[in-house]
$ cat run21.txt   # compact mmCIF, C-alpha atoms
# COMPACT_ATOMS: atom_id res chain seq x y z
CA MET A 1 -15.91 29.93 -108.70
CA PRO A 2 -14.97 28.39 -112.07
CA ASP A 3 -14.57 24.64 -112.48
CA PRO A 4 -10.96 23.58 -113.16
CA HIS A 5 -9.91 19.94 -113.52
CA ILE A 6 -6.76 17.87 -113.09
CA ALA A 7 -6.35 16.09 -116.40
CA HIS A 8 -4.52 13.18 -114.74
CA PHE A 9 -7.72 12.31 -112.83
CA GLN A 10 -10.20 12.87 -115.64
CA ASN A 11 -12.41 9.83 -116.26
CA ASP A 12 -13.27 10.07 -119.95
CA SER A 13 -15.31 6.85 -119.91
CA ARG A 14 -18.23 8.40 -118.05
CA PRO A 15 -20.76 10.81 -119.61
CA GLN A 16 -20.15 14.53 -119.49
CA LEU A 17 -22.06 16.04 -116.54
CA GLU A 18 -23.37 19.60 -116.51
CA HIS A 19 -25.32 19.66 -113.24
CA PRO A 20 -24.61 22.97 -111.44
CA ALA A 21 -23.71 21.09 -108.22
CA LEU A 22 -20.81 19.54 -110.16
CA THR A 23 -19.48 22.54 -112.04
CA GLU A 24 -19.31 25.25 -109.37
CA ILE A 25 -17.28 24.98 -106.15
CA PRO A 26 -19.93 25.14 -103.36
CA VAL A 27 -18.59 28.13 -101.44
CA ALA A 28 -21.75 28.35 -99.33
CA THR A 29 -21.17 24.83 -98.03
CA LEU A 30 -17.39 24.79 -97.71
CA GLY A 31 -16.74 28.39 -96.74
CA LEU A 32 -14.33 30.78 -98.43
CA ASP A 33 -11.11 29.36 -96.95
CA LEU A 34 -11.73 25.71 -97.86
CA SER A 35 -13.15 26.73 -101.24
CA SER A 36 -9.98 28.68 -102.06
CA LYS A 37 -7.82 25.71 -101.00
CA LEU A 38 -9.94 23.39 -103.11
CA GLN A 39 -9.63 25.67 -106.13
CA ARG A 40 -5.85 25.79 -105.75
CA SER A 41 -5.72 21.99 -105.46
CA LEU A 42 -7.54 21.70 -108.78
CA ARG A 43 -5.05 23.91 -110.59
CA VAL A 44 -1.86 21.91 -110.06
CA ASN A 45 0.19 20.83 -113.05
CA SER A 46 -1.09 17.43 -114.17
CA ASP A 47 2.46 16.41 -115.08
CA ASN A 48 3.52 16.89 -111.46
CA LEU A 49 2.36 13.55 -110.05
CA HIS A 50 3.37 14.33 -106.49
CA ALA A 51 1.30 17.54 -106.53
CA CYS A 52 -1.63 15.62 -108.04
CA GLY A 53 -1.40 13.09 -105.23
CA VAL A 54 -1.37 15.82 -102.59
CA SER A 55 -4.50 17.33 -104.18
CA GLY A 56 -6.25 13.96 -104.28
CA ALA A 57 -5.48 13.31 -100.62
CA PHE A 58 -6.92 16.73 -99.77
CA TRP A 59 -10.15 15.93 -101.63
CA GLU A 60 -10.47 12.65 -99.74
CA THR A 61 -10.14 14.47 -96.42
CA LEU A 62 -12.71 17.07 -97.47
CA LEU A 63 -15.12 14.36 -98.62
CA GLU A 64 -15.05 12.73 -95.19
CA GLN A 65 -16.43 16.00 -93.81
CA HIS A 66 -18.68 17.08 -96.71
CA ARG A 67 -20.57 14.42 -98.71
CA ILE A 68 -21.44 16.78 -101.52
CA PRO A 69 -21.74 16.12 -105.28
CA TYR A 70 -18.79 18.30 -106.28
CA LEU A 71 -16.36 16.30 -104.14
CA LEU A 72 -17.99 12.93 -104.78
CA LEU A 73 -17.43 13.31 -108.51
CA ARG A 74 -13.79 14.34 -108.24
CA VAL A 75 -12.85 11.65 -105.73
CA ALA A 76 -14.74 9.02 -107.72
CA ASP A 77 -12.96 10.07 -110.93
CA MET A 78 -9.60 10.01 -109.16
CA ARG A 79 -10.15 6.51 -107.71
CA TYR A 80 -11.38 5.24 -111.06
CA THR A 81 -8.34 6.51 -112.95
CA LEU A 82 -6.02 5.09 -110.26
CA ASN A 83 -7.65 1.67 -110.77
CA SER A 84 -9.66 1.51 -107.55
CA LYS A 85 -12.82 0.93 -109.52
CA ALA A 86 -14.90 -0.93 -106.90
CA SER A 87 -14.63 1.90 -104.37
CA SER A 88 -15.11 4.51 -107.10
CA MET A 89 -18.41 2.95 -108.18
CA LYS A 90 -19.76 3.28 -104.64
CA LEU A 91 -19.12 7.00 -104.84
CA TYR A 92 -20.68 7.28 -108.30
CA ARG A 93 -23.80 5.56 -106.97
CA GLU A 94 -23.93 7.96 -104.03
CA LEU A 95 -23.59 10.83 -106.49
CA GLY A 96 -26.32 9.38 -108.70
CA SER A 97 -28.72 9.37 -105.75
CA MET A 98 -28.17 13.12 -105.32
CA ILE A 99 -28.56 14.30 -108.90
CA ASN A 100 -31.05 13.33 -111.57
CA ASP A 101 -28.99 12.29 -114.57
CA PRO A 102 -30.25 9.31 -116.60
CA GLY A 103 -27.02 9.19 -118.60
CA LEU A 104 -24.94 8.79 -115.44
CA ASP A 105 -27.36 6.19 -114.05
CA LYS A 106 -27.09 4.15 -117.23
CA TRP A 107 -23.30 4.35 -117.23
CA ILE A 108 -23.14 3.29 -113.57
CA GLU A 109 -25.38 0.29 -114.26
CA GLU A 110 -23.43 -0.84 -117.32
CA THR A 111 -20.00 -0.25 -115.79
CA SER A 112 -20.93 -1.94 -112.52
CA SER A 113 -22.23 -4.97 -114.38
CA GLY A 114 -19.06 -5.29 -116.43
CA LEU A 115 -16.90 -4.75 -113.35
CA LEU A 116 -18.78 -7.42 -111.38
CA GLU A 117 -18.34 -9.93 -114.20
CA GLN A 118 -14.63 -9.17 -114.35
CA GLN A 119 -14.26 -9.48 -110.57
CA GLN A 120 -15.98 -12.86 -110.52
CA LYS A 121 -13.68 -14.21 -113.24
CA GLU A 122 -10.60 -12.90 -111.46
CA LEU A 123 -11.76 -14.29 -108.11
CA ALA A 124 -12.31 -17.77 -109.59
CA ALA A 125 -8.90 -17.63 -111.26
CA PHE A 126 -7.29 -16.53 -107.97
CA LYS A 127 -8.90 -19.36 -106.00
CA TYR A 128 -8.20 -22.21 -108.37
CA THR A 129 -4.98 -21.34 -110.16
CA VAL A 130 -1.96 -23.60 -109.70
CA MET A 131 0.52 -20.70 -109.78
CA PHE A 132 0.92 -20.57 -105.98
CA THR A 133 3.52 -22.55 -104.05
CA PRO A 134 1.62 -25.58 -102.65
CA SER A 135 2.82 -24.99 -99.07
CA GLN A 136 1.75 -21.33 -99.28
CA ARG A 137 -1.77 -21.75 -100.64
CA TRP A 138 -4.59 -20.13 -98.71
CA ARG A 139 -6.57 -22.14 -96.20
CA PRO A 140 -8.83 -20.92 -93.38
CA THR A 141 -6.76 -20.27 -90.28
CA ALA A 142 -8.57 -18.03 -87.79
CA GLY A 143 -11.05 -20.63 -86.61
CA VAL A 144 -8.85 -23.65 -87.24
CA ASP A 145 -5.26 -23.05 -86.15
CA SER A 146 -4.77 -24.01 -82.50
CA PHE A 147 -3.55 -21.63 -79.84
CA PRO A 148 0.19 -21.87 -79.12
CA TYR A 149 1.56 -24.28 -76.53
CA CYS A 150 5.23 -23.19 -76.67
CA ARG A 151 6.87 -20.96 -74.07
CA LEU A 152 10.03 -18.98 -73.59
CA THR A 153 12.31 -20.24 -70.85
CA ALA A 154 12.37 -18.45 -67.50
CA ALA A 155 15.94 -17.38 -68.29
CA GLN A 156 14.84 -15.75 -71.58
CA VAL A 157 12.04 -13.86 -69.84
CA THR A 158 14.40 -12.66 -67.12
CA GLU A 159 17.04 -11.58 -69.63
CA LEU A 160 14.65 -9.37 -71.59
CA ARG A 161 13.11 -7.86 -68.45
CA GLU A 162 16.54 -7.05 -67.04
CA MET A 163 17.66 -5.55 -70.34
CA TRP A 164 14.62 -3.28 -70.38
CA ILE A 165 15.00 -2.31 -66.72
CA SER A 166 18.66 -1.45 -67.33
CA ILE A 167 17.64 1.36 -69.68
CA SER A 168 14.30 2.22 -68.06
CA PRO A 169 14.67 1.45 -64.33
CA ALA A 170 11.66 3.48 -63.25
CA GLY A 171 9.44 2.90 -66.28
CA ASP A 172 10.68 6.18 -67.76
CA SER A 173 8.13 7.43 -70.30
CA ASP A 174 10.89 9.18 -72.23
CA ILE A 175 12.61 5.83 -72.83
CA MET A 176 9.35 4.25 -74.00
CA ASP A 177 8.80 7.21 -76.33
CA LYS A 178 12.19 6.57 -77.92
CA TYR A 179 11.46 2.86 -78.23
CA GLN A 180 8.19 3.70 -79.98
CA ASN A 181 10.12 5.92 -82.37
CA LEU A 182 12.46 3.00 -83.09
CA HIS A 183 9.46 0.73 -83.72
CA CYS A 184 8.02 3.23 -86.22
CA LEU A 185 11.29 3.53 -88.10
CA GLU A 186 12.03 -0.20 -88.20
CA THR A 187 8.52 -1.38 -89.04
CA ASN A 188 8.42 0.95 -92.06
CA SER A 189 11.95 0.00 -93.08
CA LEU A 190 10.99 -3.67 -92.85
CA GLU A 191 8.34 -3.03 -95.52
CA GLY A 192 10.65 -0.93 -97.68
CA THR A 193 8.37 2.09 -97.28
CA VAL A 194 10.49 4.62 -95.38
CA SER A 195 14.15 3.62 -95.09
CA PHE A 196 17.32 5.56 -94.41
CA SER A 197 20.80 4.90 -95.77
CA GLU A 198 22.51 6.45 -92.75
CA ALA A 199 22.29 5.06 -89.20
CA SER A 200 22.86 8.59 -87.87
CA ALA A 201 19.47 9.71 -89.22
CA ILE A 202 17.75 6.79 -87.48
CA SER A 203 19.54 7.54 -84.22
CA LYS A 204 18.57 11.22 -84.31
CA LEU A 205 14.92 10.47 -85.13
CA VAL A 206 14.74 7.93 -82.30
CA GLN A 207 15.90 10.68 -79.96
CA VAL A 208 13.71 13.58 -81.15
CA GLY A 209 10.71 11.84 -82.74
CA PHE A 210 8.75 12.84 -85.82
CA TYR A 211 7.54 16.31 -84.90
CA ASN A 212 9.21 19.70 -84.52
CA GLN A 213 12.87 18.91 -85.31
CA ALA A 214 12.25 15.97 -87.64
CA GLU A 215 12.13 18.02 -90.84
CA ALA A 216 15.62 19.40 -90.18
CA ILE A 217 16.99 15.88 -89.66
CA VAL A 218 15.47 14.07 -92.63
CA ASP A 219 17.69 14.49 -95.68
CA GLU A 220 15.97 13.33 -98.88
CA ARG A 221 19.31 12.05 -100.15
CA GLN A 222 19.26 9.49 -97.30
CA LEU A 223 15.75 8.20 -98.11
CA VAL A 224 16.16 4.86 -99.90
CA GLY A 225 12.71 3.28 -99.51
CA ALA A 226 9.69 3.57 -101.79
CA VAL A 227 8.94 7.04 -100.34
CA ARG A 228 11.61 9.60 -101.24
CA ASP A 229 9.82 12.84 -100.35
CA ARG A 230 10.78 14.22 -96.94
CA ALA A 231 7.34 15.53 -95.96
CA ASP A 232 5.64 12.30 -97.04
CA ALA A 233 8.14 10.20 -95.06
CA ILE A 234 7.64 12.22 -91.90
CA MET A 235 3.84 12.04 -92.17
CA ILE A 236 3.96 8.24 -92.62
CA LEU A 237 6.12 7.93 -89.50
CA GLN A 238 3.69 10.17 -87.60
CA ASP A 239 0.78 7.96 -88.69
CA THR A 240 2.58 4.84 -87.45
CA HIS A 241 3.28 6.55 -84.13
CA GLN A 242 -0.38 7.52 -83.73
CA ALA A 243 -1.57 3.96 -84.40
CA LEU A 244 0.94 2.62 -81.88
CA ASP A 245 -0.26 5.19 -79.32
CA ASP A 246 -3.79 3.92 -79.83
CA ILE A 247 -2.66 0.34 -79.18
CA PHE A 248 -1.10 1.44 -75.88
CA GLN A 249 -4.50 2.85 -74.90
CA LEU A 250 -6.31 -0.29 -76.05
CA ALA A 251 -3.90 -2.53 -74.12
CA GLN A 252 -4.87 -0.73 -70.91
CA SER A 253 -8.51 -1.77 -71.37
CA GLU A 254 -9.84 -4.58 -69.24
CA PRO A 255 -10.79 -6.66 -71.04
CA VAL A 256 -9.22 -5.83 -74.38
CA VAL A 257 -11.88 -6.14 -77.09
CA LEU A 258 -10.58 -6.25 -80.63
CA THR A 259 -13.20 -6.04 -83.40
CA PRO A 260 -13.08 -5.66 -87.19
CA ALA A 261 -14.29 -2.08 -86.73
CA VAL A 262 -11.37 -1.35 -84.37
CA LEU A 263 -8.94 -2.87 -86.87
CA CYS A 264 -10.39 -0.77 -89.70
CA ARG A 265 -10.06 2.35 -87.55
CA LEU A 266 -6.44 1.51 -86.72
CA HIS A 267 -5.70 0.82 -90.39
CA LYS A 268 -7.14 4.18 -91.36
CA ILE A 269 -4.89 5.92 -88.82
CA LEU A 270 -1.82 3.89 -89.78
CA MET A 271 -2.24 4.47 -93.53
CA ARG A 272 -3.79 7.95 -93.48
CA ASN A 273 -1.00 9.54 -95.49
CA SER A 274 -0.43 6.47 -97.65
CA ARG A 275 -3.83 6.60 -99.37
CA ILE A 276 -2.34 8.19 -102.48
CA SER A 277 1.34 7.34 -102.80
CA TYR A 278 3.86 8.87 -105.14
CA THR A 279 6.77 6.53 -105.70
CA LYS A 280 9.95 7.35 -107.60
CA ALA A 281 10.99 4.37 -109.66
CA SER A 282 14.71 3.64 -109.93
CA HIS A 283 13.90 2.10 -113.32
CA GLY A 284 10.82 2.97 -115.33
CA ARG A 285 8.19 5.63 -114.72
CA ASN A 286 7.28 7.33 -111.46
CA LYS A 287 3.69 6.61 -110.49
CA LEU A 288 0.71 7.31 -108.26
CA THR A 289 -1.04 4.42 -106.52
CA TYR A 290 -4.33 4.45 -104.64
CA LEU A 291 -4.94 2.55 -101.40
CA ASN A 292 -8.35 2.04 -99.83
CA ILE A 293 -7.84 2.70 -96.12
CA GLY A 294 -10.05 1.75 -93.22
CA MET A 295 -11.90 -0.87 -95.28
CA THR A 296 -11.19 -4.56 -95.79
CA ARG A 297 -10.33 -6.15 -99.10
CA GLN A 298 -13.83 -7.62 -99.19
CA ALA A 299 -15.21 -4.09 -99.40
CA SER A 300 -12.79 -3.11 -102.17
CA SER A 301 -12.88 -6.51 -103.98
CA VAL A 302 -9.10 -6.88 -104.13
CA ASN A 303 -7.00 -10.04 -103.92
CA VAL A 304 -3.36 -9.89 -102.83
CA THR A 305 -0.37 -12.15 -103.25
CA VAL A 306 3.32 -11.91 -102.43
CA THR A 307 6.17 -13.27 -104.51
CA GLN A 308 9.36 -13.95 -102.57
CA HIS A 309 11.98 -14.32 -105.25
CA ALA A 310 14.83 -15.31 -102.93
CA GLN A 311 12.84 -18.32 -101.67
CA ASN A 312 11.14 -18.95 -105.01
CA LEU A 313 7.76 -18.74 -103.24
CA LYS A 314 4.41 -17.27 -104.28
CA VAL A 315 2.06 -16.82 -101.32
CA GLN A 316 -1.73 -16.84 -101.65
CA PHE A 317 -3.62 -14.87 -99.02
CA CYS A 318 -7.32 -15.05 -98.19
CA PRO A 319 -9.62 -14.57 -101.22
CA TYR A 320 -11.37 -11.25 -100.77
CA ASP A 321 -14.87 -12.74 -100.51
CA GLU A 322 -13.84 -14.63 -97.33
CA VAL A 323 -11.92 -11.83 -95.61
CA ASP A 324 -14.67 -10.42 -93.38
CA GLN A 325 -15.67 -13.82 -92.03
CA GLU A 326 -12.04 -14.71 -91.28
CA LEU A 327 -11.36 -11.33 -89.67
CA GLU A 328 -14.42 -11.67 -87.44
CA MET A 329 -13.19 -15.08 -86.27
CA PHE A 330 -9.65 -13.77 -85.76
CA CYS A 331 -10.92 -11.03 -83.43
CA LYS A 332 -13.07 -13.49 -81.49
CA ARG A 333 -10.17 -15.88 -80.89
CA PHE A 334 -7.64 -13.10 -80.25
CA ASN A 335 -9.90 -11.81 -77.47
CA GLU A 336 -10.14 -15.33 -76.05
CA LEU A 337 -6.36 -15.61 -76.09
CA LEU A 338 -5.97 -12.40 -74.11
CA GLN A 339 -8.52 -13.50 -71.53
CA ASN A 340 -6.19 -16.33 -70.48
CA PRO A 341 -2.83 -14.58 -69.95
CA ASP A 342 -1.50 -17.28 -67.64
CA ALA A 343 -2.22 -20.03 -70.16
CA TYR A 344 -0.16 -18.58 -73.01
CA ASP A 345 3.30 -17.07 -73.31
CA PRO A 346 2.95 -13.44 -74.55
CA PHE A 347 5.50 -13.94 -77.32
CA ALA A 348 3.76 -17.17 -78.34
CA ALA A 349 0.45 -15.26 -78.42
CA ALA A 350 2.15 -12.61 -80.58
CA ALA A 351 3.37 -15.38 -82.89
CA TRP A 352 -0.14 -16.83 -83.24
CA SER A 353 -1.73 -13.44 -83.97
CA SER A 354 1.04 -12.51 -86.42
CA HIS A 355 0.59 -15.75 -88.36
CA VAL A 356 -3.20 -15.71 -88.51
CA PHE A 357 -3.58 -12.00 -89.25
CA LEU A 358 -0.93 -12.03 -91.99
CA THR A 359 -2.34 -15.18 -93.57
CA ILE A 360 -5.70 -13.39 -93.85
CA HIS A 361 -4.03 -10.17 -95.07
CA PRO A 362 -7.32 -8.31 -94.57
CA PHE A 363 -6.24 -4.99 -96.10
CA GLU A 364 -4.77 -3.99 -99.45
CA ASP A 365 -1.54 -2.78 -97.81
CA GLY A 366 -0.19 -2.10 -94.33
CA ASN A 367 -0.89 -5.62 -93.05
CA GLY A 368 2.66 -6.24 -91.84
CA ARG A 369 2.86 -2.97 -89.94
CA LEU A 370 -0.60 -3.44 -88.42
CA SER A 371 0.16 -7.06 -87.46
CA ARG A 372 3.22 -5.99 -85.47
CA ILE A 373 1.20 -3.28 -83.74
CA ILE A 374 -1.71 -5.52 -82.67
CA SER A 375 0.64 -8.40 -81.81
CA SER A 376 2.25 -6.03 -79.30
CA ILE A 377 -0.88 -6.17 -77.12
CA PRO A 378 0.01 -9.46 -75.35
CA LEU A 379 3.51 -8.09 -74.71
CA LEU A 380 2.23 -4.81 -73.30
CA LYS A 381 -0.23 -6.67 -71.08
CA ALA A 382 2.74 -8.64 -69.70
CA ARG A 383 4.75 -5.42 -69.15
CA PHE A 384 7.16 -6.01 -72.01
CA PRO A 385 7.94 -3.29 -74.58
CA PRO A 386 6.00 -3.58 -77.84
CA LEU A 387 7.10 -5.86 -80.65
CA CYS A 388 9.93 -4.44 -82.74
CA ILE A 389 11.77 -6.28 -85.50
CA LEU A 390 14.92 -4.62 -86.80
CA SER A 391 15.05 -4.57 -90.58
CA LEU A 392 18.24 -6.67 -90.55
CA TYR A 393 16.08 -9.50 -89.11
CA LYS A 394 13.64 -9.27 -92.01
CA GLN A 395 14.56 -12.48 -93.82
CA ALA A 396 14.54 -14.60 -90.66
CA TYR A 397 11.14 -13.10 -89.72
CA ILE A 398 9.67 -13.91 -93.15
CA ASN A 399 11.14 -17.41 -93.07
CA HIS A 400 9.49 -18.11 -89.70
CA LEU A 401 6.11 -16.90 -91.00
CA ASN A 402 6.45 -19.06 -94.12
CA SER A 403 7.39 -22.07 -92.02
CA VAL A 404 4.32 -21.79 -89.77
CA ARG A 405 2.10 -21.36 -92.83
CA ALA A 406 3.68 -24.35 -94.56
CA ASN A 407 3.86 -26.83 -91.67
CA ARG A 408 0.38 -26.20 -90.28
CA ASP A 409 1.22 -28.22 -87.17
CA GLY A 410 0.50 -25.66 -84.46
CA ASP A 411 4.19 -25.24 -83.63
CA TYR A 412 4.92 -21.53 -83.17
CA SER A 413 8.22 -22.00 -81.33
CA GLY A 414 10.39 -20.78 -84.21
CA LEU A 415 8.31 -17.67 -84.86
CA MET A 416 7.99 -17.03 -81.11
CA ALA A 417 11.77 -17.20 -80.73
CA GLY A 418 12.22 -14.93 -83.76
CA LEU A 419 9.90 -12.28 -82.33
CA TYR A 420 11.66 -12.53 -78.98
CA GLU A 421 15.16 -12.24 -80.48
CA GLY A 422 14.06 -9.39 -82.72
CA THR A 423 12.60 -7.44 -79.80
CA LYS A 424 15.65 -8.14 -77.64
CA ALA A 425 17.90 -6.86 -80.42
CA SER A 426 15.73 -3.72 -80.63
CA VAL A 427 16.11 -3.06 -76.90
CA ARG A 428 19.85 -3.52 -77.30
CA ALA A 429 19.86 -1.11 -80.25
CA LEU A 430 17.95 1.47 -78.24
CA LYS A 431 20.45 1.14 -75.39
CA THR A 432 23.29 1.86 -77.83
CA ILE A 433 21.47 4.95 -79.15
CA ILE A 434 20.80 6.25 -75.63
CA GLU A 435 24.42 5.71 -74.59
CA SER A 436 25.59 7.58 -77.68
CA GLU A 437 23.68 10.65 -76.46
CA SER A 438 25.75 10.94 -73.29

$ encode --input "run21.txt" --output "structure tokens"
Amino acid sequence: MPDPHIAHFQNDSRPQLEHPALTEIPVATLGLDLSSKLQRSLRVNSDNLHACGVSGAFWETLLEQHRIPYLLLRVADMRYTLNSKASSMKLYRELGSMINDPGLDKWIEETSSGLLEQQQKELAAFKYTVMFTPSQRWRPTAGVDSFPYCRLTAAQVTELREMWISISPAGDSDIMDKYQNLHCLETNSLEGTVSFSEASAISKLVQVGFYNQAEAIVDERQLVGAVRDRADAIMILQDTHQALDDIFQLAQSEPVVLTPAVLCRLHKILMRNSRISYTKASHGRNKLTYLNIGMTRQASSVNVTVTQHAQNLKVQFCPYDEVDQELEMFCKRFNELLQNPDAYDPFAAAAWSSHVFLTIHPFEDGNGRLSRIISSIPLLKARFPPLCILSLYKQAYINHLNSVRANRDGDYSGLMAGLYEGTKASVRALKTIIESES
């Protein structure tokens, strides 16, 4: 088959390559069906950014199954042009080991050297700049911050249990399914990813879920988050649901063993359809962004910060060269926390894990959503529903996280209470939705 290209993903900085493994779609390896799909994906209009993103996501999926030169080159070019240069260079090196091209080898060596020098300068600037709010500067937390000593009152525990029993007296799986749907909707709304302008859409999706009838419910005119395409929004909600399902399975393990590899796997599930995102800008140009999924920021050499304009805060998260060490320690201590369920309140344990995980911010994106999923484990172990924070509680939730990060005194009572009140409000919201059905 001939060798089309998507101009939007063409990396003109590398040498022109004429190796036959790179210019002809490998029908013998992929088969006729996949080869035809690949050819169609290469012929989309380069001005149609959404279509380009869909093609790029398809190539990534194919590459996971077929590590062949043809796909390595196209995915590497795509990542490079979407400014994920560290991960693109890994693919170029893998490609270079498969073909004999001195020009490519030289370009890889020179580009990698320049990229490394740039990364080192940026890392030093990130670590030592004075631009961050003093109370929100990074410091090691996973191995340092003490376990929580605060507890909910017996009355608070009883109130939440009775609220849950009132809507799910026999542990009805259908009720838990609807609560999971609510979690998926609210956790994405909290991040501004998938949000709806109409409460009726949320209510209907809580009732029917994100499969089968979902496409008929989701009206693109009601999508007000970063994602405005109906199919993309539904797939992101499905990914969140799948990751939450996996946490339910993990919570049933005895003992629960959380590892960096498990977290990377969960992140890959959670962000599967967010790897290449098309966002419609209300002002300015629409754009494609690339997200490395299932790998930490240390692997992709990316630093992250958050600017909270309303609070006039700029938060510094873990420098990327310390992420893996911090994440390893977080998992070790999280497992220790779960091994002593009687010693720690489950909502206090959720507060500790939320604070430490989010202060590390181990991934390029999706940290907030993943933190709320893994912080649900202590609640599930104690037979509470999973953590769910309604989007209207967003500012209070952020304020509690900032306060713990700023005070550094081991007091998680405010964040614990915020997680409790947020989850209680979610149970109450679900009860209202269920009652509206009848």

$ closest_residue --input "run21.txt" --among "A:Lys268, A:His183, A:Arg228, A:Arg221" --to "His241 (chain A)" --atoms "only C-alpha atoms"
A:His183

$ atom_distance --input "run21.txt" --atom1 "CA of Leu95 (chain A)" --atom2 "CA of Gly366 (chain A)"
29.4 Å

$ atom_distance --input "run21.txt" --atom1 "CA of Pro134 (chain A)" --atom2 "CA of Gln308 (chain A)"
14.0 Å

$ closest_residue --input "run21.txt" --among "A:Ala348, A:Ala7, A:Ile434, A:Leu337" --to "Gly418 (chain A)" --atoms "all atoms listed in the file"
A:Ala348

$ atom_distance --input "run21.txt" --atom1 "CA of His309 (chain A)" --atom2 "CA of Tyr412 (chain A)"
24.3 Å

$ closest_residue --input "run21.txt" --among "A:Thr423, A:Ser301, A:Thr29, A:Gln213" --to "Ser391 (chain A)" --atoms "all atoms listed in the file"
A:Thr423

$ residues_around --input "run21.txt" --residues "Ile108 (chain A)" --least-positions-apart "5" --cutoff "10 Å" --atoms "only C-alpha atoms" --output "PyMOL selection string"
chain A and resi 14-15+89-90+92-93+96+102-103+113-114

$ write_last_selection --input "run21.txt" --atoms "C-alpha atoms" --output "PDB file, in the frame of the given file"
ATOM      1  CA  ARG A  14     -18.230   8.400-118.050  1.00  0.00           C
ATOM      2  CA  PRO A  15     -20.760  10.810-119.610  1.00  0.00           C
ATOM      3  CA  MET A  89     -18.410   2.950-108.180  1.00  0.00           C
ATOM      4  CA  LYS A  90     -19.760   3.280-104.640  1.00  0.00           C
ATOM      5  CA  TYR A  92     -20.680   7.280-108.300  1.00  0.00           C
ATOM      6  CA  ARG A  93     -23.800   5.560-106.970  1.00  0.00           C
ATOM      7  CA  GLY A  96     -26.320   9.380-108.700  1.00  0.00           C
ATOM      8  CA  PRO A 102     -30.250   9.310-116.600  1.00  0.00           C
ATOM      9  CA  GLY A 103     -27.020   9.190-118.600  1.00  0.00           C
ATOM     10  CA  SER A 113     -22.230  -4.970-114.380  1.00  0.00           C
ATOM     11  CA  GLY A 114     -19.060  -5.290-116.430  1.00  0.00           C
TER      12      GLY A 114
END

$ closest_residue --input "run21.txt" --among "A:Thr23, A:Ser426, A:Ser189, A:Gln10" --to "Cys388 (chain A)" --atoms "all atoms listed in the file"
A:Ser426

$ closest_residue --input "run21.txt" --among "A:Leu190, A:Leu270, A:Met163, A:Ala382" --to "Gln395 (chain A)" --atoms "all atoms listed in the file"
A:Leu190

$ residues_around --input "run21.txt" --residues "region 169-180 of chain A" --least-positions-apart "3" --cutoff "9 Å" --atoms "only C-alpha atoms" --output "JSON, numbers by chain"
{"A": [164, 165, 166, 183, 184, 185, 205, 206, 207, 208, 209, 241, 244, 245, 385, 386, 388, 426, 427, 430, 434]}

$ closest_residue --input "run21.txt" --among "A:Thr158, A:Asn11, A:Ser371, A:Thr259" --to "Asp77 (chain A)" --atoms "all atoms listed in the file"
A:Asn11

$ residues_around --input "run21.txt" --residues "Leu91 (chain A)" --least-positions-apart "5" --cutoff "12 Å" --atoms "only C-alpha atoms" --output "PyMOL selection string"
chain A and resi 60+63-64+67-80+84-86+96-98+108+112

$ write_last_selection --input "run21.txt" --atoms "C-alpha atoms" --output "PDB file, in the frame of the given file"
ATOM      1  CA  GLU A  60     -10.470  12.650 -99.740  1.00  0.00           C
ATOM      2  CA  LEU A  63     -15.120  14.360 -98.620  1.00  0.00           C
ATOM      3  CA  GLU A  64     -15.050  12.730 -95.190  1.00  0.00           C
ATOM      4  CA  ARG A  67     -20.570  14.420 -98.710  1.00  0.00           C
ATOM      5  CA  ILE A  68     -21.440  16.780-101.520  1.00  0.00           C
ATOM      6  CA  PRO A  69     -21.740  16.120-105.280  1.00  0.00           C
ATOM      7  CA  TYR A  70     -18.790  18.300-106.280  1.00  0.00           C
ATOM      8  CA  LEU A  71     -16.360  16.300-104.140  1.00  0.00           C
ATOM      9  CA  LEU A  72     -17.990  12.930-104.780  1.00  0.00           C
ATOM     10  CA  LEU A  73     -17.430  13.310-108.510  1.00  0.00           C
ATOM     11  CA  ARG A  74     -13.790  14.340-108.240  1.00  0.00           C
ATOM     12  CA  VAL A  75     -12.850  11.650-105.730  1.00  0.00           C
ATOM     13  CA  ALA A  76     -14.740   9.020-107.720  1.00  0.00           C
ATOM     14  CA  ASP A  77     -12.960  10.070-110.930  1.00  0.00           C
ATOM     15  CA  MET A  78      -9.600  10.010-109.160  1.00  0.00           C
ATOM     16  CA  ARG A  79     -10.150   6.510-107.710  1.00  0.00           C
ATOM     17  CA  TYR A  80     -11.380   5.240-111.060  1.00  0.00           C
ATOM     18  CA  SER A  84      -9.660   1.510-107.550  1.00  0.00           C
ATOM     19  CA  LYS A  85     -12.820   0.930-109.520  1.00  0.00           C
ATOM     20  CA  ALA A  86     -14.900  -0.930-106.900  1.00  0.00           C
ATOM     21  CA  GLY A  96     -26.320   9.380-108.700  1.00  0.00           C
ATOM     22  CA  SER A  97     -28.720   9.370-105.750  1.00  0.00           C
ATOM     23  CA  MET A  98     -28.170  13.120-105.320  1.00  0.00           C
ATOM     24  CA  ILE A 108     -23.140   3.290-113.570  1.00  0.00           C
ATOM     25  CA  SER A 112     -20.930  -1.940-112.520  1.00  0.00           C
TER      26      SER A 112
END

$ residues_around --input "run21.txt" --residues "Asn48 (chain A)" --least-positions-apart "6" --cutoff "12 Å" --atoms "all atoms listed in the file" --output "count of residues only"
9

$ residues_around --input "run21.txt" --residues "Asp239 (chain A)" --least-positions-apart "6" --cutoff "8 Å" --atoms "all atoms listed in the file" --output "compact mmCIF listing (two decimals) with C-alpha atoms, keeping the file's coordinate frame"
# COMPACT_ATOMS: atom_id res chain seq x y z
CA ILE A 269 -4.89 5.92 -88.82
CA LEU A 270 -1.82 3.89 -89.78
CA MET A 271 -2.24 4.47 -93.53
CA ARG A 272 -3.79 7.95 -93.48
CA ASN A 273 -1.00 9.54 -95.49
